[in-house]
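Asks: I'd like to ask some things about the structure below.
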Amino acid sequence: MKRVLVMLAAGTLLAGLCAFAASGKPPAETRLWRLDCGSAQIADLNLFSDTRAYTGKSMTLSVGCYLIKHGGAYMLWDTGLSAALKGRTVGGATIIKTVVEQLAEIGVKPEQVGIIGISHYHYDHTGQAAAFPGATLMIGKGDFDALSATPPGFGADPTALKHWIGGPGKSVPVSGDKDVFGDGSVTIIDTPGHTPGHHALLVKLGSGRTFLLSGDQAHFRENYDSDGVPTFNTNRADTLASFARFKGLAANTNATVIIQHDPRDIAKLPAFPAAAE
């Protein structure tokens, strides 16, 4: 047993040294929270299947946002439905608490959030971005270009991101993958197809646990298991290629996959205000 413990400790040390060698700096402490950013009632699940796999089925989807603390820095991954929906239901969508209200529960002020990473340009992922005007926006270049076009690309509404799209906010259009902090702990993963610049997020915690956040690569487990393609995706072939990459990455990094819209995946992270670390 003692030998096993020594080997495990050596493996953890080696992983840390590799990260240090690759980046030139030691990995910082990384923590991950799930925030409740709303819910949406979907009356016809065939919206998420271009092969009509869910005829007669409905589902309430969750809307998850995620806070990452890396050393002393904070990053938000997606910003959920609009704060204007608090206490209201419009088109089946509603929220209970705003992102800012939830951050206050753990003592984080909006101005402390230095980065907002947006998986893609749909309204249920961009809704509360404007609450963080001092943050740098990171979004896929394909989506940034679609938002900046005149008229905007299919399904792209720049309203919630106007501070960065043509405005004074600092933005980083992401091509391919992006190692956010330079030490391999948080990586924006290129998974186009749902939108032109769609990305997922790989988060490695100091404990060795790894999480892969889906964006909208899939919306619920059955959709994920079958590589289902929603009717409104921008590129079917890219979607299928991204499924293969996403699943391969999950397997090879031993990551826990979190499907951001599936309420059954909420319990894969500690209940807020606790964090995974």
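We label chains A, B, ... in the order they appear in the structure tokens, count residues from 1 in each chain, and number ligands from 1 in the order shown.
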Write down as an NGL selection string the residues of region 141-225 of chain A whose backbone DSSP state falls under alpha helix (DSSP H).
Replies: :A and (141-148 or 221-225)
Asks: Residues as selected, all heavy atoms, written as a compact mmCIF listing (two decimals), in the first residue's frame, can you do that?
Replies:
```txt
# COMPACT_ATOMS: atom_id res chain seq x y z
N LYS A 141 -14.10 32.35 -33.31
CA LYS A 141 -14.00 33.34 -34.38
C LYS A 141 -15.15 33.21 -35.37
O LYS A 141 -15.66 34.22 -35.88
CB LYS A 141 -12.67 33.21 -35.11
CG LYS A 141 -12.44 34.32 -36.14
CD LYS A 141 -11.08 34.21 -36.80
CE LYS A 141 -10.85 35.41 -37.73
NZ LYS A 141 -11.88 35.58 -38.77
N GLY A 142 -15.58 31.98 -35.65
CA GLY A 142 -16.71 31.80 -36.56
C GLY A 142 -17.96 32.48 -36.06
O GLY A 142 -18.72 33.09 -36.82
N ASP A 143 -18.19 32.40 -34.75
CA ASP A 143 -19.34 33.07 -34.15
C ASP A 143 -19.14 34.58 -34.08
O ASP A 143 -20.07 35.35 -34.33
CB ASP A 143 -19.59 32.53 -32.74
CG ASP A 143 -20.35 31.21 -32.76
OD1 ASP A 143 -20.34 30.53 -33.80
OD2 ASP A 143 -20.94 30.85 -31.73
N PHE A 144 -17.93 35.01 -33.75
CA PHE A 144 -17.63 36.45 -33.71
C PHE A 144 -17.87 37.08 -35.08
O PHE A 144 -18.48 38.15 -35.20
CB PHE A 144 -16.18 36.67 -33.28
CG PHE A 144 -15.81 38.11 -33.07
CD1 PHE A 144 -16.01 38.72 -31.84
CD2 PHE A 144 -15.28 38.86 -34.10
CE1 PHE A 144 -15.68 40.05 -31.65
CE2 PHE A 144 -14.94 40.20 -33.92
CZ PHE A 144 -15.14 40.80 -32.68
N ASP A 145 -17.43 36.40 -36.13
CA ASP A 145 -17.62 36.92 -37.49
C ASP A 145 -19.10 36.95 -37.85
O ASP A 145 -19.57 37.91 -38.49
CB ASP A 145 -16.85 36.06 -38.49
CG ASP A 145 -15.34 36.21 -38.36
OD1 ASP A 145 -14.89 37.16 -37.68
OD2 ASP A 145 -14.61 35.37 -38.93
N ALA A 146 -19.86 35.92 -37.45
CA ALA A 146 -21.30 35.89 -37.75
C ALA A 146 -22.03 37.00 -37.01
O ALA A 146 -22.95 37.63 -37.55
CB ALA A 146 -21.88 34.53 -37.37
N LEU A 147 -21.63 37.27 -35.77
CA LEU A 147 -22.24 38.35 -34.99
C LEU A 147 -21.90 39.72 -35.56
O LEU A 147 -22.70 40.66 -35.46
CB LEU A 147 -21.77 38.27 -33.54
CG LEU A 147 -22.32 37.10 -32.70
CD1 LEU A 147 -21.47 36.92 -31.45
CD2 LEU A 147 -23.77 37.33 -32.33
N SER A 148 -20.73 39.84 -36.15
CA SER A 148 -20.25 41.13 -36.66
C SER A 148 -20.73 41.43 -38.07
O SER A 148 -20.60 42.56 -38.55
CB SER A 148 -18.71 41.16 -36.64
OG SER A 148 -18.21 40.91 -35.35
N ARG A 221 -28.91 13.68 -22.77
CA ARG A 221 -28.12 12.45 -22.86
C ARG A 221 -28.44 11.62 -24.09
O ARG A 221 -27.53 11.08 -24.75
CB ARG A 221 -28.33 11.61 -21.59
CG ARG A 221 -27.75 12.24 -20.34
CD ARG A 221 -27.97 11.34 -19.13
NE ARG A 221 -27.60 12.03 -17.90
CZ ARG A 221 -27.78 11.52 -16.69
NH1 ARG A 221 -28.34 10.32 -16.56
NH2 ARG A 221 -27.42 12.19 -15.61
N GLU A 222 -29.73 11.47 -24.39
CA GLU A 222 -30.10 10.66 -25.55
C GLU A 222 -29.54 11.26 -26.84
O GLU A 222 -29.11 10.55 -27.75
CB GLU A 222 -31.62 10.52 -25.62
CG GLU A 222 -32.25 9.75 -24.47
CD GLU A 222 -32.45 10.56 -23.19
OE1 GLU A 222 -32.08 11.76 -23.17
OE2 GLU A 222 -32.98 9.98 -22.22
N ASN A 223 -29.56 12.57 -26.90
CA ASN A 223 -29.02 13.31 -28.04
C ASN A 223 -27.51 13.08 -28.15
O ASN A 223 -26.96 12.91 -29.23
CB ASN A 223 -29.35 14.79 -27.83
CG ASN A 223 -29.22 15.64 -29.06
OD1 ASN A 223 -28.57 16.68 -29.00
ND2 ASN A 223 -29.83 15.26 -30.16
N TYR A 224 -26.83 13.07 -26.99
CA TYR A 224 -25.39 12.83 -26.94
C TYR A 224 -25.05 11.40 -27.35
O TYR A 224 -24.16 11.17 -28.17
CB TYR A 224 -24.89 13.10 -25.52
CG TYR A 224 -23.41 12.88 -25.31
CD1 TYR A 224 -22.48 13.82 -25.73
CD2 TYR A 224 -22.94 11.73 -24.66
CE1 TYR A 224 -21.12 13.64 -25.53
CE2 TYR A 224 -21.59 11.53 -24.45
CZ TYR A 224 -20.68 12.49 -24.89
OH TYR A 224 -19.32 12.29 -24.68
N ASP A 225 -25.79 10.44 -26.80
CA ASP A 225 -25.48 9.03 -27.08
C ASP A 225 -25.64 8.68 -28.55
O ASP A 225 -24.93 7.82 -29.08
CB ASP A 225 -26.40 8.13 -26.24
CG ASP A 225 -26.08 8.21 -24.75
OD1 ASP A 225 -24.98 8.68 -24.39
OD2 ASP A 225 -26.95 7.82 -23.94
```
Asks: Would you mind listing what lies within 6 Å of region 64-66 of chain A as a list of chain:residue names, with only C-alpha atoms counted and same-chain residues fewer than 4 positions away left out?
Replies: A:Trp33, A:Arg34, A:Leu35, A:Asp36, A:Cys37, A:Leu76, A:Trp77, A:Asp78, A:Thr79, A:Gln260
Asks: Step one, run DSSP on the backbone; step two, keep only residues of region 7-247 of chain A assigned to strand (DSSP E); then write them as a PyMOL selection string.
Replies: chain A and resi 30-42+59-70+73-77+93-94+113-118+136-140+171-174+178-179+186-190+199-204+210-213
Asks: Between A:Val63, A:Glu29, A:Tyr74, A:Thr239, which residue has the minimum interatomic distance to Ile258 (chain A), considering only C-alpha atoms?
Replies: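 That would be A:Val63, the residue with the smallest distance to Ile258 (chain A).
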Asks: Excluding Leu47 (chain A) and its own-chain neighbours fewer than 6 positions away, which residues fall within 9 Å of it when counting only C-alpha atoms? Please give them as a PyMOL selection string.
Replies: chain A and resi 54+230-232
Asks: Nearest to His261 (chain A) among A:Ile165, A:Ala200, A:Met75, A:Ala218, with distances taken over only C-alpha atoms: which residue is it?
Replies: A:Ala218
Asks: Taking 6 positions as the minimum chain separation for residues in the same chain, which residues sit within 6 Å of region 117-127 of chain A when counting only C-alpha atoms? Answer as a ChimeraX atom specification.
Replies: /A:77-82,138-139,156,160,198-199,215
Asks: List the spatial neighbours of Val108 (chain A) as a list in words - criterion: any atom at most 12 Å away, only C-alpha atoms, same-chain residues fewer than 5 positions off excluded.
Replies: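 Non-adjacent residues within range: Leu67, Ile68, Lys69, Gly72, Ala73, Tyr74, Met75, Leu76, Val99, Val100, Glu101, Gln102, Leu103, Val113, Gly114, Phe132 and Pro273 of chain A.
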Asks: Pick from A:Ser207, A:Thr89, A:Asn46, A:Thr98: nearest to Gly228 (chain A), with only C-alpha atoms counted?
Replies: A:Asn46
